[in-house]
Amino acid sequence: YVVTPAGAPGKVTVRVENPDGELTGSNIVFTYISTPKITAAVDPADPGGHIRISVISVEGGQDIKLKGSGFMNGVKVVFNPAVKKVNDVSAVQGQVIYIDGQPYTLESGKDGTSVKIIDGETLVVTTPQGKTGTSGILVINPDGGASNIYGDLTYGLPALNPPTGVQAELVYGRYIKVHWN
């Protein structure tokens, strides 16, 4: 048993060398899988990236910025994901994703659209439609490495813009009548 050192995502050749300098007969190919992380969902209009977003509209079509690390070109963003741990990878039909090095399958979720990578720590994605009260977001890199499910983002009713031209008048000395544009 060995503990692997840190490495960049991709394939590497591993060789085993005995203390006397003798090498094993064959090289072993090992694949490092990326480990993206989501640390925050923020307002893309905020240049500093400090205004956090915790509620997104059920109507979808909203741009949000994800902050974190390890985002790769070709990343997929899944909203309201459900994953299932896999015991036997060879028996899985479909894509296996790896969260913290453990194999899972994506059981359900809706893909975000229009994913734009800003850099390895920032991406902007357009939200799909969702159901009130559902939550969670998952980032999956092309190599199958996936983030933990970020749970601080929930679908809710769309925010209303504040009314303009608000006026209030007293009616019959008893009621207040409010008008707005």
# chains A, B, ... in the order shown; residues from 1 in each chain; ligands from 1
>>> residues_around(residues="A:Ile97", least_positions_apart="6", cutoff="10 Å", atoms="only C-alpha atoms", output="ChimeraX atom specification")
/A:33,83-86,103-106,140-147
>>> residues_around(residues="stretch 71-73 of chain A", least_positions_apart="2", cutoff="10 Å", atoms="only C-alpha atoms", output="PyMOL selection string")
chain A and resi 34-38+66-69+75-76+115-123+139-143+145-147
>>> atom_distance(atom1="atom CA of A:Ile99", atom2="atom CA of A:Ser114")
23.5 Å
>>> residues_around(residues="A:Ala82", least_positions_apart="4", cutoff="7 Å", atoms="only C-alpha atoms", output="PyMOL selection string")
chain A and resi 106-109
>>> residues_around(residues="stretch 59-64 of chain A", least_positions_apart="4", cutoff="6 Å", atoms="only C-alpha atoms", output="VMD selection string")
chain A and resid 43 to 44 124 to 129
>>> write_last_selection(atoms="N, CA and C atoms", output="mmCIF file, in the first residue's frame")
data_model
loop_
_atom_site.group_PDB
_atom_site.id
_atom_site.type_symbol
_atom_site.label_atom_id
_atom_site.label_comp_id
_atom_site.auth_asym_id
_atom_site.auth_seq_id
_atom_site.Cartn_x
_atom_site.Cartn_y
_atom_site.Cartn_z
ATOM 1 N N ASP A 43 -22.825 37.038 -6.877
ATOM 2 C CA ASP A 43 -23.459 37.845 -7.916
ATOM 3 C C ASP A 43 -22.422 38.178 -8.984
ATOM 4 N N PRO A 44 -22.667 37.807 -10.258
ATOM 5 C CA PRO A 44 -21.682 38.091 -11.305
ATOM 6 C C PRO A 44 -21.509 39.586 -11.596
ATOM 7 N N VAL A 124 -18.846 31.238 -14.616
ATOM 8 C CA VAL A 124 -20.190 31.818 -14.645
ATOM 9 C C VAL A 124 -21.078 30.813 -15.360
ATOM 10 N N VAL A 125 -22.244 30.549 -14.791
ATOM 11 C CA VAL A 125 -23.184 29.579 -15.357
ATOM 12 C C VAL A 125 -24.589 30.161 -15.315
ATOM 13 N N THR A 126 -25.400 29.778 -16.313
ATOM 14 C CA THR A 126 -26.806 30.176 -16.343
ATOM 15 C C THR A 126 -27.630 29.053 -15.737
ATOM 16 N N THR A 127 -28.502 29.408 -14.798
ATOM 17 C CA THR A 127 -29.277 28.400 -14.067
ATOM 18 C C THR A 127 -30.407 27.827 -14.917
ATOM 19 N N PRO A 128 -30.695 26.533 -14.757
ATOM 20 C CA PRO A 128 -31.882 25.952 -15.401
ATOM 21 C C PRO A 128 -33.106 26.198 -14.519
ATOM 22 N N GLN A 129 -34.286 25.881 -15.026
ATOM 23 C CA GLN A 129 -35.491 25.970 -14.202
ATOM 24 C C GLN A 129 -35.378 24.964 -13.067
#
>>> residues_around(residues="A:Lys11", least_positions_apart="2", cutoff="7 Å", atoms="only C-alpha atoms", output="ChimeraX atom specification")
/A:13,29-32
>>> select_by_dssp(residues="chain A", states="strand (DSSP E)", output="ChimeraX atom specification")
/A:10-14,28-32,37-42,55-57,63-69,76-85,97-99,102-111,113-119,122-126,135-140,145-146,150-156,167-171,175-179
>>> atom_distance(atom1="atom CA of A:Leu160", atom2="atom CA of A:Gly48")
24.7 Å
>>> atom_distance(atom1="atom CA of A:Gly151", atom2="atom CA of A:Ala45")
22.0 Å
>>> residues_around(residues="A:Glu169", least_positions_apart="6", cutoff="12 Å", atoms="only C-alpha atoms", output="VMD selection string")
chain A and resid 175 to 180
